[in-house]
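The next block holds one structure in the form of structure tokens; read it before the comments.
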Amino acid sequence: MASRDGARHPRPTRLRRATGAGAPLPASSSAYPRVYAVVQRIPRGRVATYGQVAAEAGIPGAPRVAGYALHALPPGSPIPWHRVVAAGGKLSLGKLDPSGAVTQRMRLEGEGVRFDGRGCVELERHAWRPRARPRAGVAAKRRAPGAARTRASR
């Protein structure tokens, strides 16, 4: 990269967190399919934030990864990308593609999502609150030691 004085200097590098959360993951990464699975669970008329999607996908603290995954979707994808918004209910596509933000808003309004005077989704009304999904084996651990039913006790 050339500086003002015309001399060539190497491009400065950014330090990334050790977790790698700030770096985009390749599309073949297992994170992208997990993000898509979470987004497909968001019902009509509800929205989730990028951070919420990342946490549900098992990559907490990495909302950008969720954004990268959605950005990597091919045109015409059946995944409801428009149901994911930035923190505070902002439509973040306006910076990248103003027409994309209009499309997102129109799709959300078509599903009954309301916006406030600043153009943000009313999260109090439309935020997606997923039910906790029990992990395998958790139900058995919650029973009291003597509460497990056996054939002999029936």
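By order of appearance in the structure tokens: chains A, B, ..., then residues from 1 within every chain, and ligands from 1 in the order shown.
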
Would you please give, as an MDAnalysis selection string, all residues of stretch 37-118 of chain A that DSSP assigns to strand (DSSP E or B) based on the backbone? chainID A and resid 47:49 84:85 115

Could you please take those selected residues and save C-alpha atoms as a compact mmCIF listing (two decimals), in the first residue's frame?
```
# COMPACT_ATOMS: atom_id res chain seq x y z
CA VAL A 47 -37.32 -11.33 14.60
CA ALA A 48 -34.03 -12.26 16.23
CA THR A 49 -30.79 -10.31 16.52
CA VAL A 84 -32.59 -11.27 11.54
CA VAL A 85 -31.88 -7.70 12.63
CA PHE A 115 -41.42 -0.37 13.28
```

Show which residues sit within 8 Å of stretch 99-113 of chain A, as a PDB file with N, CA and C atoms, in the first residue's frame. Count only C-alpha atoms, and ignore same-chain residues fewer than 6 positions away.
```
ATOM      1  N   ARG A  44     -42.876 -16.597  11.508  1.00  0.00           N
ATOM      2  CA  ARG A  44     -43.377 -15.387  10.843  1.00  0.00           C
ATOM      3  C   ARG A  44     -43.807 -14.384  11.907  1.00  0.00           C
ATOM      4  N   GLY A  45     -43.518 -13.109  11.656  1.00  0.00           N
ATOM      5  CA  GLY A  45     -43.924 -12.063  12.580  1.00  0.00           C
ATOM      6  C   GLY A  45     -42.995 -11.875  13.758  1.00  0.00           C
ATOM      7  N   ARG A  46     -41.906 -12.624  13.796  1.00  0.00           N
ATOM      8  CA  ARG A  46     -40.911 -12.520  14.872  1.00  0.00           C
ATOM      9  C   ARG A  46     -39.552 -12.222  14.260  1.00  0.00           C
ATOM     10  N   HIS A  82     -34.507 -12.253   6.297  1.00  0.00           N
ATOM     11  CA  HIS A  82     -35.061 -10.950   6.646  1.00  0.00           C
ATOM     12  C   HIS A  82     -35.531 -10.876   8.101  1.00  0.00           C
ATOM     13  N   ARG A  83     -35.641 -12.002   8.782  1.00  0.00           N
ATOM     14  CA  ARG A  83     -36.079 -12.019  10.186  1.00  0.00           C
ATOM     15  C   ARG A  83     -34.938 -11.794  11.162  1.00  0.00           C
ATOM     16  N   LEU A  91     -32.239  -2.259  11.126  1.00  0.00           N
ATOM     17  CA  LEU A  91     -32.030  -2.983   9.874  1.00  0.00           C
ATOM     18  C   LEU A  91     -30.624  -2.642   9.404  1.00  0.00           C
ATOM     19  N   SER A  92     -29.720  -3.584   9.494  1.00  0.00           N
ATOM     20  CA  SER A  92     -28.310  -3.303   9.207  1.00  0.00           C
ATOM     21  C   SER A  92     -27.967  -3.340   7.728  1.00  0.00           C
ATOM     22  N   LEU A  93     -28.872  -3.801   6.900  1.00  0.00           N
ATOM     23  CA  LEU A  93     -28.567  -3.906   5.470  1.00  0.00           C
ATOM     24  C   LEU A  93     -28.433  -2.554   4.792  1.00  0.00           C
ATOM     25  N   VAL A 121     -37.269  -2.171  14.429  1.00  0.00           N
ATOM     26  CA  VAL A 121     -38.307  -3.131  14.792  1.00  0.00           C
ATOM     27  C   VAL A 121     -38.637  -2.948  16.270  1.00  0.00           C
ATOM     28  N   GLU A 122     -39.917  -3.014  16.606  1.00  0.00           N
ATOM     29  CA  GLU A 122     -40.342  -2.960  18.004  1.00  0.00           C
ATOM     30  C   GLU A 122     -40.041  -4.324  18.637  1.00  0.00           C
ATOM     31  N   HIS A 126     -42.013  -7.964  18.978  1.00  0.00           N
ATOM     32  CA  HIS A 126     -41.749  -8.938  17.917  1.00  0.00           C
ATOM     33  C   HIS A 126     -40.511  -9.813  18.123  1.00  0.00           C
TER      34      HIS A 126
END
```

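Among the candidates A:Ala132, A:Ala62, A:Ile79, A:Ala72, the residue lying nearest to A:Tyr32 is A:Ala72 (atoms considered: only C-alpha atoms).
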
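Candidate residues A:Ala87, A:Ala66, A:Val53, A:Ile59 were compared for distance to A:Trp128, and the nearest is A:Val53, using only C-alpha atoms.
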
Secondary structure check, alpha helix (DSSP H) residues of stretch 16-137 of chain A, as a PyMOL selection string: chain A and resi 31-41+50-56+63-71+93-96+98-110+123-126

Using C-alpha atoms, can you export the residues from the last selection as a compact mmCIF listing (two decimals), in the first residue's frame?
```txt
# COMPACT_ATOMS: atom_id res chain seq x y z
CA ALA A 31 -21.21 -22.81 11.94
CA TYR A 32 -23.03 -21.72 8.78
CA PRO A 33 -25.48 -24.67 8.66
CA ARG A 34 -26.15 -24.18 12.39
CA VAL A 35 -26.92 -20.49 11.77
CA TYR A 36 -29.27 -21.45 8.91
CA ALA A 37 -31.03 -24.01 11.12
CA VAL A 38 -31.62 -21.38 13.81
CA VAL A 39 -32.89 -18.79 11.32
CA GLN A 40 -35.33 -21.34 9.87
CA ARG A 41 -36.86 -21.74 13.36
CA TYR A 50 -27.53 -11.48 14.98
CA GLY A 51 -26.19 -12.02 18.50
CA GLN A 52 -29.19 -14.11 19.48
CA VAL A 53 -28.86 -16.25 16.34
CA ALA A 54 -25.15 -16.77 17.01
CA ALA A 55 -25.82 -17.79 20.62
CA GLU A 56 -28.58 -20.22 19.58
CA PRO A 63 -22.86 -12.06 15.83
CA ARG A 64 -20.68 -11.26 12.82
CA VAL A 65 -20.40 -14.95 12.00
CA ALA A 66 -24.20 -15.07 11.79
CA GLY A 67 -24.07 -12.03 9.50
CA TYR A 68 -21.39 -13.59 7.32
CA ALA A 69 -23.44 -16.78 7.04
CA LEU A 70 -26.56 -14.90 5.96
CA HIS A 71 -24.56 -12.78 3.54
CA LEU A 93 -28.57 -3.91 5.47
CA GLY A 94 -28.94 -0.18 4.77
CA LYS A 95 -25.17 0.27 4.98
CA LEU A 96 -24.42 -2.48 2.48
CA PRO A 98 -30.17 0.29 0.65
CA SER A 99 -32.52 -1.68 -1.60
CA GLY A 100 -31.86 -4.75 0.57
CA ALA A 101 -33.01 -2.81 3.63
CA VAL A 102 -36.20 -1.80 1.81
CA THR A 103 -36.79 -5.44 0.83
CA GLN A 104 -36.19 -6.56 4.40
CA ARG A 105 -38.59 -3.97 5.80
CA MET A 106 -41.30 -4.81 3.26
CA ARG A 107 -41.03 -8.53 4.02
CA LEU A 108 -41.20 -7.92 7.76
CA GLU A 109 -44.15 -5.54 7.42
CA GLY A 110 -45.88 -8.19 5.29
CA LEU A 123 -38.39 -5.74 19.73
CA GLU A 124 -40.60 -5.72 22.83
CA ARG A 125 -43.46 -6.89 20.63
CA HIS A 126 -41.75 -8.94 17.92
```

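The two atoms in question, atom CA of A:Ile42 and atom CA of A:Arg118, are spaced 23.6 Å apart.
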
One-decimal distance in Å that lies between atom CA of A:Ser30 and atom CA of A:Arg129: 23.7 Å

Two-atom distance - atom CA of A:Pro80, atom CA of A:Pro60 (Å): 20.8 Å
